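> Can you read through this structure? Questions will come right after.
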Amino acid sequence: MSNYPTSTQKSFWLYDTHEDVRAAREETRATTLKSATLNDDGESTSAKTVEKDALTSEEERLILRYHEHKIQTICAAFVLPRKVKSTAVMLFKRFTLRHGVGAHSLKIIMLTSIYVACKVEESYISADEFCKGVREDPARVLAAEVTFLSGLKFQLVCYGAARPLDGFLRDVEDGGCKVTGAQLVACRKSALETIDALMLTDVPLVRPPGQIALCALRRAARQAEATDLVEYCEAVGARATGIVKAPKGALLKGILDEIETHVEDGTEPDEAVVKKIDKKLKLWRAKYVAASKATAEDEAKKTERDAKRRKSEQSRQEMIAAEEDALG
């Protein structure tokens with residue numbers, strides 16, 4: 001059985017700081033822009049022109065957050081389990097962090113992340129049924145699946161904050177602290193909303209799910225004026241687990257405070273603004289990506305035709321030789 005401390009999520013997809021995440025994103029962006037400057041002959045074109053036409057770093061963050069929010073909306077519309085929604089957002093984050101926004105259609109990557117998440121979390125839905133609901137050609141999602149999986153290095157296990165949240169709530173019910181049943185219900189609902197907001201930020205790439213859950217529960221407890229529950233949240237995370245050392249006292253409180261500063265960042269971007277960004281991105285891809293991709297595909301088809309022609313010619317020569325041997 002897998003567990004978080006030994007998971008690929010902790011080993012490969014958890015960064016030390018938010019600055020590290022931004023640096024990784026900028027490195028990916030630079031790589032994408034550099035590849036777009038190469039023409040069909042492999043010669044470099046104007047890097048300034050390519051960058052001028054491309055999305056800015058802030059525009060990239062906005063359009064990514066829009067698609068992450070869209071994932072949550074689609075999952076809710078299909079009444080998919082919460083774990084599917086969380087996994088889909090995380091897979092989308094991982095892929096775009098390593099591959100940027102320019103190399104692939106964000107819409108198709110978004111839909112593919114949901115489709116794959118359904119498989120990962122054993123809530124399978126067929127591509128035909130899923131794509132019918134989102135009015136997309138299932139062939140495009142299926143065609144993108146292998147690219148998506150290889151882009152993630154097939155590291156698909158994701159740990160969300162909803163599960164540890166329920167663990168903390170069960171501990172509270174078992175006597176962890178004094179709180180009413182009505183307060184617990186209200187706190188869980190509010191905490192899940194906070195978790196959804198934090199999923200639209202870089203926090204899941206920097207903090208483990210348990211700390212995100214504690215932050216969300218503490219925030220909800222404050223809103224419900226459940227003082228004992230607030231104190232519980234700041235103390236329970238410091239318990240030793242025997243696997244990893246937990247942060248103590250003021251350090252834990254500081255971590256939860258830092259996480260909470262990002263909650264307001266997890267809002268849905270203005271759709272009118274995103275539409276302009278999306279139009280700009282599509283123009284950039286059509287100018288710098290689609291043409292080179294088509295050329296590469298044409299070259300691949302030409303290579304395949306040549307191979308078939310050589311194989312056919314070889315077979316014909318072998319058949320002639322066999323006939324000549326038979327005739328003596």
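Labels for the structure tokens follow display order: chains A, B, ..., residues from 1 in each chain, ligands from 1.
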Pick out the residues sitting within 12 Å of Asp128 in chain A, and hand them over as a ChimeraX atom specification; count only C-alpha atoms, and ignore anything fewer than 2 positions along from it in its own chain.
/A:115,124-126,130-142
> Neighbours of His104 in chain A within 10 Å (only C-alpha atoms; same-chain residues fewer than 4 positions away dropped), as a list in words?
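Those residues are Thr96, His99, Gly100, Ile108, Ile109, Ala144, Thr147, Phe148, Arg285, Val289 and Ala290 of chain A.
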> With C-alpha atoms retained, export the selected residues as a PDB file, in the first residue's frame.

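Printed below is again-v6.pdb as written:
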```pdb
ATOM      1  CA  THR A  96       1.668  22.325 -17.446  1.00  0.00           C
ATOM      2  CA  HIS A  99       5.421  21.516 -20.483  1.00  0.00           C
ATOM      3  CA  GLY A 100       4.019  25.044 -20.374  1.00  0.00           C
ATOM      4  CA  ILE A 108      -7.570  19.056 -24.551  1.00  0.00           C
ATOM      5  CA  ILE A 109      -5.005  18.715 -21.754  1.00  0.00           C
ATOM      6  CA  ALA A 144      -3.544  13.116 -26.187  1.00  0.00           C
ATOM      7  CA  THR A 147       1.467  12.265 -24.501  1.00  0.00           C
ATOM      8  CA  PHE A 148      -0.141  13.321 -21.233  1.00  0.00           C
ATOM      9  CA  ARG A 285       0.316  28.674 -31.333  1.00  0.00           C
ATOM     10  CA  VAL A 289       3.714  25.884 -33.051  1.00  0.00           C
ATOM     11  CA  ALA A 290       1.067  24.554 -35.442  1.00  0.00           C
TER      12      ALA A 290
END
```
